[in-house]
$ cat data_26.cif   # mmCIF, C-alpha atoms
data_upload
#
loop_
_atom_site.group_PDB
_atom_site.id
_atom_site.type_symbol
_atom_site.label_atom_id
_atom_site.label_comp_id
_atom_site.auth_asym_id
_atom_site.auth_seq_id
_atom_site.Cartn_x
_atom_site.Cartn_y
_atom_site.Cartn_z
ATOM 1 C CA ARG A 26 -18.222 5.762 4.467
ATOM 2 C CA GLY A 27 -19.797 2.616 5.788
ATOM 3 C CA ASP A 28 -17.882 -0.602 6.282
ATOM 4 C CA PRO A 29 -14.578 -0.476 4.360
ATOM 5 C CA GLY A 30 -14.585 -4.273 4.189
ATOM 6 C CA ALA A 31 -18.085 -4.578 2.712
ATOM 7 C CA VAL A 32 -18.058 -7.264 0.017
ATOM 8 C CA ALA A 33 -20.121 -5.091 -2.334
ATOM 9 C CA VAL A 34 -17.330 -2.513 -2.255
ATOM 10 C CA SER A 35 -14.204 -4.645 -1.942
ATOM 11 C CA PRO A 36 -13.038 -8.255 -2.299
ATOM 12 C CA GLY A 37 -12.857 -8.557 1.500
ATOM 13 C CA ALA A 38 -9.245 -7.447 1.878
ATOM 14 C CA VAL A 39 -8.709 -3.831 2.806
ATOM 15 C CA LYS A 40 -5.465 -1.925 2.264
ATOM 16 C CA VAL A 41 -5.142 0.687 4.970
ATOM 17 C CA THR A 42 -2.662 3.489 4.375
ATOM 18 C CA PRO A 43 -3.032 5.882 7.316
ATOM 19 C CA GLY A 44 -0.929 8.612 5.676
ATOM 20 C CA HIS A 45 -3.064 8.731 2.528
ATOM 21 C CA SER A 46 -6.458 9.761 3.823
ATOM 22 C CA PRO A 47 -8.286 10.812 6.980
ATOM 23 C CA GLN A 48 -10.543 7.755 6.619
ATOM 24 C CA ASP A 49 -7.582 5.373 6.611
ATOM 25 C CA LEU A 50 -6.030 7.180 9.568
ATOM 26 C CA ALA A 51 -9.277 6.883 11.550
ATOM 27 C CA LEU A 52 -9.573 3.185 10.658
ATOM 28 C CA ALA A 53 -5.982 2.491 11.712
ATOM 29 C CA LYS A 54 -6.445 4.304 15.014
ATOM 30 C CA ALA A 55 -9.774 2.555 15.685
ATOM 31 C CA HIS A 56 -8.124 -0.847 15.287
ATOM 32 C CA GLY A 57 -4.845 -0.009 17.023
ATOM 33 C CA LEU A 58 -2.762 -0.463 13.877
ATOM 34 C CA PRO A 59 0.783 0.903 13.992
ATOM 35 C CA LEU A 60 1.477 3.992 11.910
ATOM 36 C CA LEU A 61 4.440 2.995 9.770
ATOM 37 C CA SER A 62 6.350 4.994 7.208
ATOM 38 C CA VAL A 63 7.897 2.788 4.525
ATOM 39 C CA ILE A 64 8.824 5.549 2.063
ATOM 40 C CA ALA A 65 11.510 8.046 3.045
ATOM 41 C CA ASP A 66 11.322 11.746 2.207
ATOM 42 C CA ASP A 67 13.557 11.139 -0.824
ATOM 43 C CA GLY A 68 11.136 8.532 -2.274
ATOM 44 C CA THR A 69 13.226 5.484 -1.427
ATOM 45 C CA LEU A 70 12.031 2.558 0.642
ATOM 46 C CA ARG A 71 13.058 2.290 4.243
ATOM 47 C CA PRO A 72 12.435 -0.251 6.972
ATOM 48 C CA PRO A 73 9.861 -1.546 7.784
ATOM 49 C CA GLY A 74 9.129 -1.690 4.037
ATOM 50 C CA GLY A 75 11.483 -4.611 3.659
ATOM 51 C CA GLY A 76 15.152 -4.457 4.578
ATOM 52 C CA TRP A 77 16.148 -5.923 1.213
ATOM 53 C CA LEU A 78 14.469 -2.950 -0.468
ATOM 54 C CA GLN A 79 16.031 -0.282 1.722
ATOM 55 C CA GLY A 80 17.254 2.612 -0.422
ATOM 56 C CA VAL A 81 15.476 1.435 -3.592
ATOM 57 C CA PRO A 82 13.394 4.175 -5.277
ATOM 58 C CA ARG A 83 9.688 3.393 -4.886
ATOM 59 C CA PHE A 84 8.971 3.031 -8.614
ATOM 60 C CA GLN A 85 11.874 0.589 -8.995
ATOM 61 C CA ALA A 86 10.717 -1.473 -6.006
ATOM 62 C CA ARG A 87 7.446 -2.747 -7.492
ATOM 63 C CA PRO A 88 9.011 -4.934 -10.229
ATOM 64 C CA LEU A 89 11.462 -6.311 -7.655
ATOM 65 C CA VAL A 90 8.589 -7.293 -5.358
ATOM 66 C CA VAL A 91 6.640 -8.826 -8.257
ATOM 67 C CA ALA A 92 9.714 -10.846 -9.293
ATOM 68 C CA ALA A 93 10.303 -12.036 -5.715
ATOM 69 C CA LEU A 94 6.679 -13.169 -5.360
ATOM 70 C CA ALA A 95 6.862 -14.969 -8.721
ATOM 71 C CA GLN A 96 10.092 -16.714 -7.729
ATOM 72 C CA LEU A 97 8.410 -17.972 -4.550
ATOM 73 C CA GLY A 98 5.361 -19.147 -6.481
ATOM 74 C CA LEU A 99 3.162 -16.638 -4.653
ATOM 75 C CA LEU A 100 2.241 -14.333 -7.541
ATOM 76 C CA ARG A 101 -1.343 -14.702 -8.714
ATOM 77 C CA GLY A 102 -1.017 -12.086 -11.428
ATOM 78 C CA VAL A 103 -0.489 -8.436 -12.178
ATOM 79 C CA GLN A 104 -3.347 -6.281 -13.372
ATOM 80 C CA ASP A 105 -3.581 -2.536 -13.883
ATOM 81 C CA HIS A 106 -6.613 -0.882 -12.355
ATOM 82 C CA ALA A 107 -7.920 2.608 -11.847
ATOM 83 C CA MET A 108 -7.326 3.768 -8.297
ATOM 84 C CA THR A 109 -10.363 5.206 -6.534
ATOM 85 C CA LEU A 110 -9.400 7.717 -3.894
ATOM 86 C CA PRO A 111 -11.869 10.397 -2.889
ATOM 87 C CA LEU A 112 -10.423 13.902 -2.901
ATOM 88 C CA CYS A 113 -11.732 17.043 -1.265
ATOM 89 C CA ARG A 114 -12.429 19.871 -3.675
#

$ encode --input "data_26.cif" --output "structure tokens"
Amino acid sequence: RGDPGAVAVSPGAVKVTPGHSPQDLALAKAHGLPLLSVIADDGTLRPPGGGWLQGVPRFQARPLVVAALAQLGLLRGVQDHAMTLPLCR
């Protein structure tokens, strides 16, 4: 719906996950973005999700990424938020 990068809706950065919704898939195709799969069928990370994370279960990967960003001085913070994802009923 509308411009996914609209400032009133988002902070200006848009996460596009083509496998999660038809809207994201359409956006990725419209902009020629590659369709990548970073989570294997067994729930572990696979390239191109970061070679150093290959084989790590997805729920164990997040704290590792947060720690790596903090170590590099790149972490601005961690905040829980409700995810808004429209679902067909």

$ atom_distance --input "data_26.cif" --atom1 "CA of Leu89 in chain A" --atom2 "CA of Val39 in chain A"
22.9 Å

$ closest_residue --input "data_26.cif" --among "A:Gln104, A:Gly76, A:Arg83, A:Gly44" --to "Ser62 in chain A" --atoms "only C-alpha atoms"
A:Gly44

$ atom_distance --input "data_26.cif" --atom1 "CA of Val41 in chain A" --atom2 "CA of Ala95 in chain A"
24.0 Å

$ atom_distance --input "data_26.cif" --atom1 "CA of Leu50 in chain A" --atom2 "CA of Thr109 in chain A"
16.8 Å

$ resolve_selection --input "data_26.cif" --expression "the PyMOL selection byres ((chain A and resi 90) around 12)" --output "PyMOL selection string"
chain A and resi 74-75+77-78+81+83-89+91-97+99-100+103
